[in-house]
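What's in run02.cif: mmCIF, C-alpha atoms, pLDDT in the B column; chains and numbers go by the auth columns
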data_entry
loop_
_atom_site.group_PDB
_atom_site.id
_atom_site.type_symbol
_atom_site.label_atom_id
_atom_site.label_comp_id
_atom_site.label_asym_id
_atom_site.label_seq_id
_atom_site.Cartn_x
_atom_site.Cartn_y
_atom_site.Cartn_z
_atom_site.B_iso_or_equiv
_atom_site.auth_seq_id
_atom_site.auth_asym_id
ATOM 1 C CA MET A 1 30.374 100.793 92.735 50.00 9 A
ATOM 2 C CA LYS A 2 27.110 102.324 93.974 51.00 10 A
ATOM 3 C CA LYS A 3 25.062 99.648 92.167 49.00 11 A
ATOM 4 C CA PHE A 4 27.179 96.927 93.789 42.00 12 A
ATOM 5 C CA LEU A 5 26.677 98.350 97.296 43.00 13 A
ATOM 6 C CA VAL A 6 22.940 98.819 96.771 43.00 14 A
ATOM 7 C CA SER A 7 22.627 95.248 95.480 46.00 15 A
ATOM 8 C CA LEU A 8 24.337 93.985 98.664 39.00 16 A
ATOM 9 C CA LEU A 9 21.587 95.600 100.733 41.00 17 A
ATOM 10 C CA PHE A 10 18.952 93.594 98.867 41.00 18 A
ATOM 11 C CA VAL A 11 20.737 90.304 98.202 38.00 19 A
ATOM 12 C CA LEU A 12 22.254 89.587 101.622 37.00 20 A
ATOM 13 C CA PRO A 13 18.916 89.496 103.500 38.00 21 A
ATOM 14 C CA LEU A 14 17.651 86.887 101.034 35.00 22 A
ATOM 15 C CA CYS A 15 20.711 84.687 101.648 34.00 23 A
ATOM 16 C CA GLY A 16 20.335 84.606 105.411 34.00 24 A
ATOM 17 C CA PHE A 17 16.916 83.138 106.091 33.00 25 A
ATOM 18 C CA ALA A 18 18.262 79.567 106.309 33.00 26 A
ATOM 19 C CA GLN A 19 20.181 80.450 109.494 42.00 27 A
ATOM 20 C CA LYS A 20 17.538 81.602 111.928 42.00 28 A
ATOM 21 C CA GLY A 21 18.894 83.875 114.681 49.00 29 A
ATOM 22 C CA SER A 22 22.017 84.893 112.745 76.00 30 A
ATOM 23 C CA GLN A 23 20.686 88.123 111.292 89.00 31 A
ATOM 24 C CA GLY A 24 18.972 91.320 112.340 91.00 32 A
ATOM 25 C CA PHE A 25 18.348 95.015 111.799 93.00 33 A
ATOM 26 C CA SER A 26 19.999 97.675 113.923 94.00 34 A
ATOM 27 C CA VAL A 27 19.610 101.425 114.492 95.00 35 A
ATOM 28 C CA ASN A 28 22.797 103.057 115.848 93.00 36 A
ATOM 29 C CA LEU A 29 23.693 106.430 117.316 93.00 37 A
ATOM 30 C CA GLY A 30 27.233 107.477 118.207 89.00 38 A
ATOM 31 C CA PHE A 31 29.621 110.236 119.168 86.00 39 A
ATOM 32 C CA GLU A 32 33.142 110.453 117.744 80.00 40 A
ATOM 33 C CA THR A 33 36.106 112.742 118.232 77.00 41 A
ATOM 34 C CA CYS A 34 39.640 112.952 116.850 70.00 42 A
ATOM 35 C CA GLY A 35 42.913 112.061 118.526 62.00 43 A
ATOM 36 C CA TYR A 36 44.715 114.854 116.699 55.00 44 A
ATOM 37 C CA ILE A 37 44.037 117.253 113.908 51.00 45 A
ATOM 38 C CA THR A 38 46.101 119.394 111.543 50.00 46 A
ATOM 39 C CA GLY A 39 45.268 122.218 109.214 48.00 47 A
ATOM 40 C CA TYR A 40 42.202 123.534 111.016 47.00 48 A
ATOM 41 C CA ASP A 41 43.741 126.639 112.587 46.00 49 A
ATOM 42 C CA ASP A 42 45.157 124.417 115.346 43.00 50 A
ATOM 43 C CA ILE A 43 41.745 123.891 116.928 44.00 51 A
ATOM 44 C CA LEU A 44 41.030 120.413 118.279 46.00 52 A
ATOM 45 C CA CYS A 45 37.452 120.410 117.166 53.00 53 A
ATOM 46 C CA CYS A 46 36.607 117.189 115.402 65.00 54 A
ATOM 47 C CA LYS A 47 33.269 116.052 116.783 74.00 55 A
ATOM 48 C CA ASN A 48 30.955 113.845 114.741 77.00 56 A
ATOM 49 C CA ILE A 49 27.537 112.365 115.487 82.00 57 A
ATOM 50 C CA PRO A 50 26.956 109.308 113.272 86.00 58 A
ATOM 51 C CA LEU A 51 23.497 107.785 112.815 90.00 59 A
ATOM 52 C CA SER A 52 23.071 104.557 110.853 93.00 60 A
ATOM 53 C CA ILE A 53 20.701 101.763 109.934 95.00 61 A
ATOM 54 C CA LYS A 54 22.345 98.361 109.472 94.00 62 A
ATOM 55 C CA TYR A 55 21.414 94.911 108.311 94.00 63 A
ATOM 56 C CA LEU A 56 23.513 92.461 110.360 91.00 64 A
ATOM 57 C CA TYR A 57 24.347 89.029 109.022 91.00 65 A
ATOM 58 C CA ASN A 58 26.549 86.632 111.003 88.00 66 A
ATOM 59 C CA LEU A 59 28.453 84.393 108.612 88.00 67 A
ATOM 60 C CA THR A 60 29.715 82.454 111.674 85.00 68 A
ATOM 61 C CA ASP A 61 29.629 82.982 115.438 81.00 69 A
ATOM 62 C CA ARG A 62 32.612 85.315 115.052 86.00 70 A
ATOM 63 C CA ILE A 63 32.298 86.933 111.615 89.00 71 A
ATOM 64 C CA ARG A 64 29.675 89.585 110.890 90.00 72 A
ATOM 65 C CA ILE A 65 28.915 91.471 107.698 92.00 73 A
ATOM 66 C CA ALA A 66 26.769 94.607 107.921 92.00 74 A
ATOM 67 C CA PRO A 67 25.555 96.660 104.942 95.00 75 A
ATOM 68 C CA HIS A 68 24.609 100.099 106.269 94.00 76 A
ATOM 69 C CA LEU A 69 23.127 103.445 105.369 94.00 77 A
ATOM 70 C CA GLY A 70 24.518 106.288 107.448 90.00 78 A
ATOM 71 C CA TYR A 71 24.475 109.986 108.169 89.00 79 A
ATOM 72 C CA ILE A 72 27.199 111.931 110.009 81.00 80 A
ATOM 73 C CA ALA A 73 26.576 115.407 111.406 76.00 81 A
ATOM 74 C CA ALA A 74 30.032 116.959 111.704 67.00 82 A
ATOM 75 C CA ASN A 75 30.751 119.736 114.173 60.00 83 A
ATOM 76 C CA GLU A 76 30.123 123.444 113.619 48.00 84 A
ATOM 77 C CA ASP A 77 33.317 124.753 115.257 48.00 85 A
ATOM 78 C CA GLU A 78 34.985 126.087 112.092 48.00 86 A
ATOM 79 C CA CYS A 79 36.311 122.669 111.133 54.00 87 A
ATOM 80 C CA PHE A 80 34.563 120.177 108.893 55.00 88 A
ATOM 81 C CA ASN A 81 31.166 121.888 108.757 63.00 89 A
ATOM 82 C CA THR A 82 29.721 119.124 106.636 71.00 90 A
ATOM 83 C CA ASN A 83 26.891 116.649 106.546 78.00 91 A
ATOM 84 C CA VAL A 84 28.030 113.257 105.270 81.00 92 A
ATOM 85 C CA TYR A 85 25.709 110.622 103.826 87.00 93 A
ATOM 86 C CA ASN A 86 27.238 107.198 103.263 88.00 94 A
ATOM 87 C CA LEU A 87 26.322 103.779 101.963 93.00 95 A
ATOM 88 C CA GLY A 88 28.681 100.909 102.652 93.00 96 A
ATOM 89 C CA VAL A 89 29.368 97.554 104.194 93.00 97 A
ATOM 90 C CA SER A 90 31.433 96.630 107.250 92.00 98 A
ATOM 91 C CA PHE A 91 33.148 93.353 108.061 93.00 99 A
ATOM 92 C CA HIS A 92 33.926 92.490 111.674 91.00 100 A
ATOM 93 C CA TYR A 93 35.635 89.617 113.463 92.00 101 A
ATOM 94 C CA PHE A 94 34.866 88.919 117.131 89.00 102 A
ATOM 95 C CA PHE A 95 37.785 87.534 119.151 87.00 103 A
ATOM 96 C CA ASN A 96 35.348 85.994 121.609 83.00 104 A
ATOM 97 C CA LYS A 97 31.772 84.856 121.020 79.00 105 A
ATOM 98 C CA VAL A 98 29.150 87.534 121.713 75.00 106 A
ATOM 99 C CA LYS A 99 27.116 86.620 124.789 79.00 107 A
ATOM 100 C CA PRO A 100 24.795 88.769 126.937 79.00 108 A
ATOM 101 C CA LEU A 101 26.643 91.019 129.410 83.00 109 A
ATOM 102 C CA ARG A 102 30.076 89.676 128.477 85.00 110 A
ATOM 103 C CA PRO A 103 32.523 92.134 126.865 90.00 111 A
ATOM 104 C CA TYR A 104 33.743 91.218 123.387 90.00 112 A
ATOM 105 C CA VAL A 105 36.707 92.409 121.318 92.00 113 A
ATOM 106 C CA ILE A 106 36.102 93.376 117.705 91.00 114 A
ATOM 107 C CA VAL A 107 38.330 94.119 114.706 93.00 115 A
ATOM 108 C CA GLY A 108 37.431 94.807 111.095 93.00 116 A
ATOM 109 C CA GLY A 109 36.787 97.528 108.589 92.00 117 A
ATOM 110 C CA ALA A 110 34.327 99.207 106.265 91.00 118 A
ATOM 111 C CA ILE A 111 34.143 100.298 102.634 92.00 119 A
ATOM 112 C CA GLY A 112 31.589 102.302 100.708 91.00 120 A
ATOM 113 C CA GLY A 113 30.693 105.584 99.097 91.00 121 A
ATOM 114 C CA TYR A 114 29.814 108.982 100.550 86.00 122 A
ATOM 115 C CA HIS A 115 28.195 112.283 99.619 86.00 123 A
ATOM 116 C CA ARG A 116 29.344 115.335 101.591 80.00 124 A
ATOM 117 C CA VAL A 117 27.601 118.729 101.760 81.00 125 A
ATOM 118 C CA VAL A 118 29.249 121.826 103.266 76.00 126 A
ATOM 119 C CA TYR A 119 26.669 123.742 105.316 71.00 127 A
ATOM 120 C CA SER A 120 28.972 126.550 106.456 67.00 128 A
ATOM 121 C CA PRO A 121 31.982 128.064 104.630 65.00 129 A
ATOM 122 C CA LEU A 122 35.340 126.753 105.799 67.00 130 A
ATOM 123 C CA ARG A 123 39.001 126.696 104.904 68.00 131 A
ATOM 124 C CA ILE A 124 41.360 123.760 105.329 66.00 132 A
ATOM 125 C CA SER A 125 45.130 123.531 105.099 65.00 133 A
ATOM 126 C CA TYR A 126 46.716 120.136 104.516 63.00 134 A
ATOM 127 C CA GLY A 127 50.120 121.359 105.699 68.00 135 A
ATOM 128 C CA ASP A 128 51.443 122.621 102.344 75.00 136 A
ATOM 129 C CA ARG A 129 53.255 125.960 102.416 83.00 137 A
ATOM 130 C CA ASP A 130 53.961 128.631 99.824 84.00 138 A
ATOM 131 C CA GLU A 131 57.426 130.041 99.019 86.00 139 A
ATOM 132 C CA GLU A 132 57.220 132.463 101.954 86.00 140 A
ATOM 133 C CA GLY A 133 56.408 129.700 104.443 85.00 141 A
ATOM 134 C CA ASN A 134 52.712 130.522 104.843 82.00 142 A
ATOM 135 C CA LEU A 135 50.135 127.744 104.973 78.00 143 A
ATOM 136 C CA ILE A 136 48.147 127.221 101.782 77.00 144 A
ATOM 137 C CA TYR A 137 44.408 126.920 102.405 75.00 145 A
ATOM 138 C CA GLU A 138 41.722 125.241 100.353 72.00 146 A
ATOM 139 C CA TYR A 139 38.354 127.014 100.557 72.00 147 A
ATOM 140 C CA TYR A 140 34.987 125.270 100.633 70.00 148 A
ATOM 141 C CA PRO A 141 32.060 127.649 100.021 72.00 149 A
ATOM 142 C CA LEU A 142 28.593 127.132 101.467 70.00 150 A
ATOM 143 C CA GLY A 143 26.705 124.440 99.593 72.00 151 A
ATOM 144 C CA SER A 144 29.790 122.687 98.178 76.00 152 A
ATOM 145 C CA LYS A 145 29.082 119.038 97.405 83.00 153 A
ATOM 146 C CA TYR A 146 31.472 116.248 96.688 78.00 154 A
ATOM 147 C CA ASN A 147 31.363 112.451 96.451 86.00 155 A
ATOM 148 C CA GLY A 148 33.908 109.723 96.946 85.00 156 A
ATOM 149 C CA LEU A 149 34.746 106.285 98.219 88.00 157 A
ATOM 150 C CA PHE A 150 35.711 105.628 101.821 85.00 158 A
ATOM 151 C CA TYR A 151 37.409 102.907 103.808 88.00 159 A
ATOM 152 C CA SER A 152 38.266 102.498 107.470 87.00 160 A
ATOM 153 C CA VAL A 153 39.833 100.060 109.925 90.00 161 A
ATOM 154 C CA ASP A 154 37.930 99.422 113.167 89.00 162 A
ATOM 155 C CA LEU A 155 39.247 98.184 116.534 92.00 163 A
ATOM 156 C CA GLY A 156 37.334 98.112 119.781 92.00 164 A
ATOM 157 C CA ILE A 157 35.303 96.485 122.514 93.00 165 A
ATOM 158 C CA GLY A 158 31.578 96.009 122.972 91.00 166 A
ATOM 159 C CA LEU A 159 28.875 94.742 125.285 91.00 167 A
ATOM 160 C CA ASP A 160 25.593 93.056 124.352 89.00 168 A
ATOM 161 C CA CYS A 161 22.600 93.560 126.645 90.00 169 A
ATOM 162 C CA LYS A 162 19.587 91.366 125.925 88.00 170 A
ATOM 163 C CA ILE A 163 16.239 93.103 126.401 89.00 171 A
ATOM 164 C CA LYS A 164 13.929 90.353 125.050 87.00 172 A
ATOM 165 C CA ASN A 165 14.439 87.128 123.106 84.00 173 A
ATOM 166 C CA ASN A 166 14.736 88.972 119.798 87.00 174 A
ATOM 167 C CA LEU A 167 15.704 92.464 120.970 91.00 175 A
ATOM 168 C CA SER A 168 19.095 93.556 122.280 90.00 176 A
ATOM 169 C CA LEU A 169 21.134 96.658 122.972 91.00 177 A
ATOM 170 C CA GLN A 170 24.811 96.875 121.984 90.00 178 A
ATOM 171 C CA VAL A 171 27.313 99.404 123.241 91.00 179 A
ATOM 172 C CA GLU A 172 30.614 99.601 121.356 90.00 180 A
ATOM 173 C CA ALA A 173 33.716 101.758 121.770 90.00 181 A
ATOM 174 C CA LEU A 174 35.713 101.832 118.527 87.00 182 A
ATOM 175 C CA VAL A 175 38.979 103.351 117.357 86.00 183 A
ATOM 176 C CA HIS A 176 39.518 104.017 113.641 80.00 184 A
ATOM 177 C CA PRO A 177 43.307 104.294 113.237 77.00 185 A
ATOM 178 C CA ILE A 178 42.980 104.372 109.444 77.00 186 A
ATOM 179 C CA SER A 179 40.158 106.144 107.625 76.00 187 A
ATOM 180 C CA SER A 180 39.807 107.943 104.326 75.00 188 A
ATOM 181 C CA LEU A 181 36.851 110.036 105.541 65.00 189 A
ATOM 182 C CA TRP A 182 38.902 112.141 107.974 62.00 190 A
ATOM 183 C CA ASP A 183 42.560 113.176 108.001 58.00 191 A
ATOM 184 C CA ASN A 184 43.326 111.789 111.445 62.00 192 A
ATOM 185 C CA VAL A 185 42.694 109.002 113.924 68.00 193 A
ATOM 186 C CA TYR A 186 39.207 109.176 115.358 70.00 194 A
ATOM 187 C CA PHE A 187 37.423 107.219 118.044 80.00 195 A
ATOM 188 C CA GLY A 188 34.140 107.134 119.853 84.00 196 A
ATOM 189 C CA ALA A 189 31.248 105.137 121.253 88.00 197 A
ATOM 190 C CA ASN A 190 27.970 104.104 119.738 90.00 198 A
ATOM 191 C CA ILE A 191 24.837 102.452 120.999 92.00 199 A
ATOM 192 C CA GLY A 192 22.624 100.277 118.846 92.00 200 A
ATOM 193 C CA LEU A 193 19.187 98.732 119.229 93.00 201 A
ATOM 194 C CA THR A 194 19.014 95.438 117.311 91.00 202 A
ATOM 195 C CA TYR A 195 16.041 93.292 116.324 92.00 203 A
ATOM 196 C CA VAL A 196 17.277 89.732 115.735 87.00 204 A
ATOM 197 C CA PHE A 197 15.382 87.181 113.641 83.00 205 A
#
Step by step, read the file and then write its structure as structure tokens.
Amino acid sequence: MKKFLVSLLFVLPLCGFAQKGSQGFSVNLGFETCGYITGYDDILCCKNIPLSIKYLYNLTDRIRIAPHLGYIAANEDECFNTNVYNLGVSFHYFFNKVKPLRPYVIVGGAIGGYHRVVYSPLRISYGDRDEEGNLIYEYYPLGSKYNGLFYSVDLGIGLDCKIKNNLSLQVEALVHPISSLWDNVYFGANIGLTYVF
């Protein structure tokens, strides 16, 4: 799976040169939080700061594919306490054509692989209870590492602000009602600087 995702990062740019103006590179920074959370000592503390580099390729005016390399700094409030590195690809459909300073609606999803590192000890309960009714906790010691595959569904709105002919700024607010990375619905905003060629 990793070889397939890495190959996408190298093959897709080579396929896009025939359609000038339909591709670009983007650097994105965001802030995400959770709608609800369970098993973390009842503290609503899910706060993530994702940073990513993306190659954007527009298959049509309304369909975009974006291989990406990302990093997520999770919060330090006795919840996730992890750094997440991911490599994946997202697919998005725009309900209306993206034009400067006109809001657009976006829907899609992402798949890929991740590597997670615990930088502070934590304990998580997934709601299971023992015979006496007490929550059962899973413990993650400092330095724990684990890998896996992820998927998510994305819904949201965005705004494109043109800076120069080949440089633009996008602001998007997305909700992820389904995601395998976290145990709950999460949402947030991100801002991206894109060089289009």
### Residue IDs satisfying the PyMOL selection byres ((chain A and resi 73) around 12), as number ranges by chain
A: 16-17, 20-21, 24, 30-33, 62-72, 74-76, 96-102, 116-119
Could the residues in this selection be written to a file with C-alpha atoms, as a JSON list (two decimals), in the coordinates of the input?
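selection-v4.json written:
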[["chain", "number", "residue", "atom", "x", "y", "z"],
["A", 16, "LEU", "CA", 24.34, 93.98, 98.66],
["A", 17, "LEU", "CA", 21.59, 95.60, 100.73],
["A", 20, "LEU", "CA", 22.25, 89.59, 101.62],
["A", 21, "PRO", "CA", 18.92, 89.50, 103.50],
["A", 24, "GLY", "CA", 20.34, 84.61, 105.41],
["A", 30, "SER", "CA", 22.02, 84.89, 112.74],
["A", 31, "GLN", "CA", 20.69, 88.12, 111.29],
["A", 32, "GLY", "CA", 18.97, 91.32, 112.34],
["A", 33, "PHE", "CA", 18.35, 95.02, 111.80],
["A", 62, "LYS", "CA", 22.34, 98.36, 109.47],
["A", 63, "TYR", "CA", 21.41, 94.91, 108.31],
["A", 64, "LEU", "CA", 23.51, 92.46, 110.36],
["A", 65, "TYR", "CA", 24.35, 89.03, 109.02],
["A", 66, "ASN", "CA", 26.55, 86.63, 111.00],
["A", 67, "LEU", "CA", 28.45, 84.39, 108.61],
["A", 68, "THR", "CA", 29.72, 82.45, 111.67],
["A", 69, "ASP", "CA", 29.63, 82.98, 115.44],
["A", 70, "ARG", "CA", 32.61, 85.32, 115.05],
["A", 71, "ILE", "CA", 32.30, 86.93, 111.62],
["A", 72, "ARG", "CA", 29.68, 89.58, 110.89],
["A", 74, "ALA", "CA", 26.77, 94.61, 107.92],
["A", 75, "PRO", "CA", 25.56, 96.66, 104.94],
["A", 76, "HIS", "CA", 24.61, 100.10, 106.27],
["A", 96, "GLY", "CA", 28.68, 100.91, 102.65],
["A", 97, "VAL", "CA", 29.37, 97.55, 104.19],
["A", 98, "SER", "CA", 31.43, 96.63, 107.25],
["A", 99, "PHE", "CA", 33.15, 93.35, 108.06],
["A", 100, "HIS", "CA", 33.93, 92.49, 111.67],
["A", 101, "TYR", "CA", 35.64, 89.62, 113.46],
["A", 102, "PHE", "CA", 34.87, 88.92, 117.13],
["A", 116, "GLY", "CA", 37.43, 94.81, 111.10],
["A", 117, "GLY", "CA", 36.79, 97.53, 108.59],
["A", 118, "ALA", "CA", 34.33, 99.21, 106.26],
["A", 119, "ILE", "CA", 34.14, 100.30, 102.63]]
### Message
I'd like the interatomic distance between CA of Asp162 in chain A and CA of Leu175 in chain A, to a tenth of an Å.
### Response
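A separation of 24.6 Å between them.
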### Task
Could you tell me how far CA of Pro108 in chain A lies from CA of Tyr79 in chain A, in Å and to one decimal?
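Atom-to-atom, CA of Pro108 in chain A and CA of Tyr79 in chain A are spaced 28.3 Å apart.
Nearest residue to Asn155 in chain A among A:Val115, A:Leu95, A:Leu182, A:Val35 is A:Leu95, counting only C-alpha atoms.
Here CA of Gly78 in chain A and CA of Glu180 in chain A stand 16.6 Å from one another.
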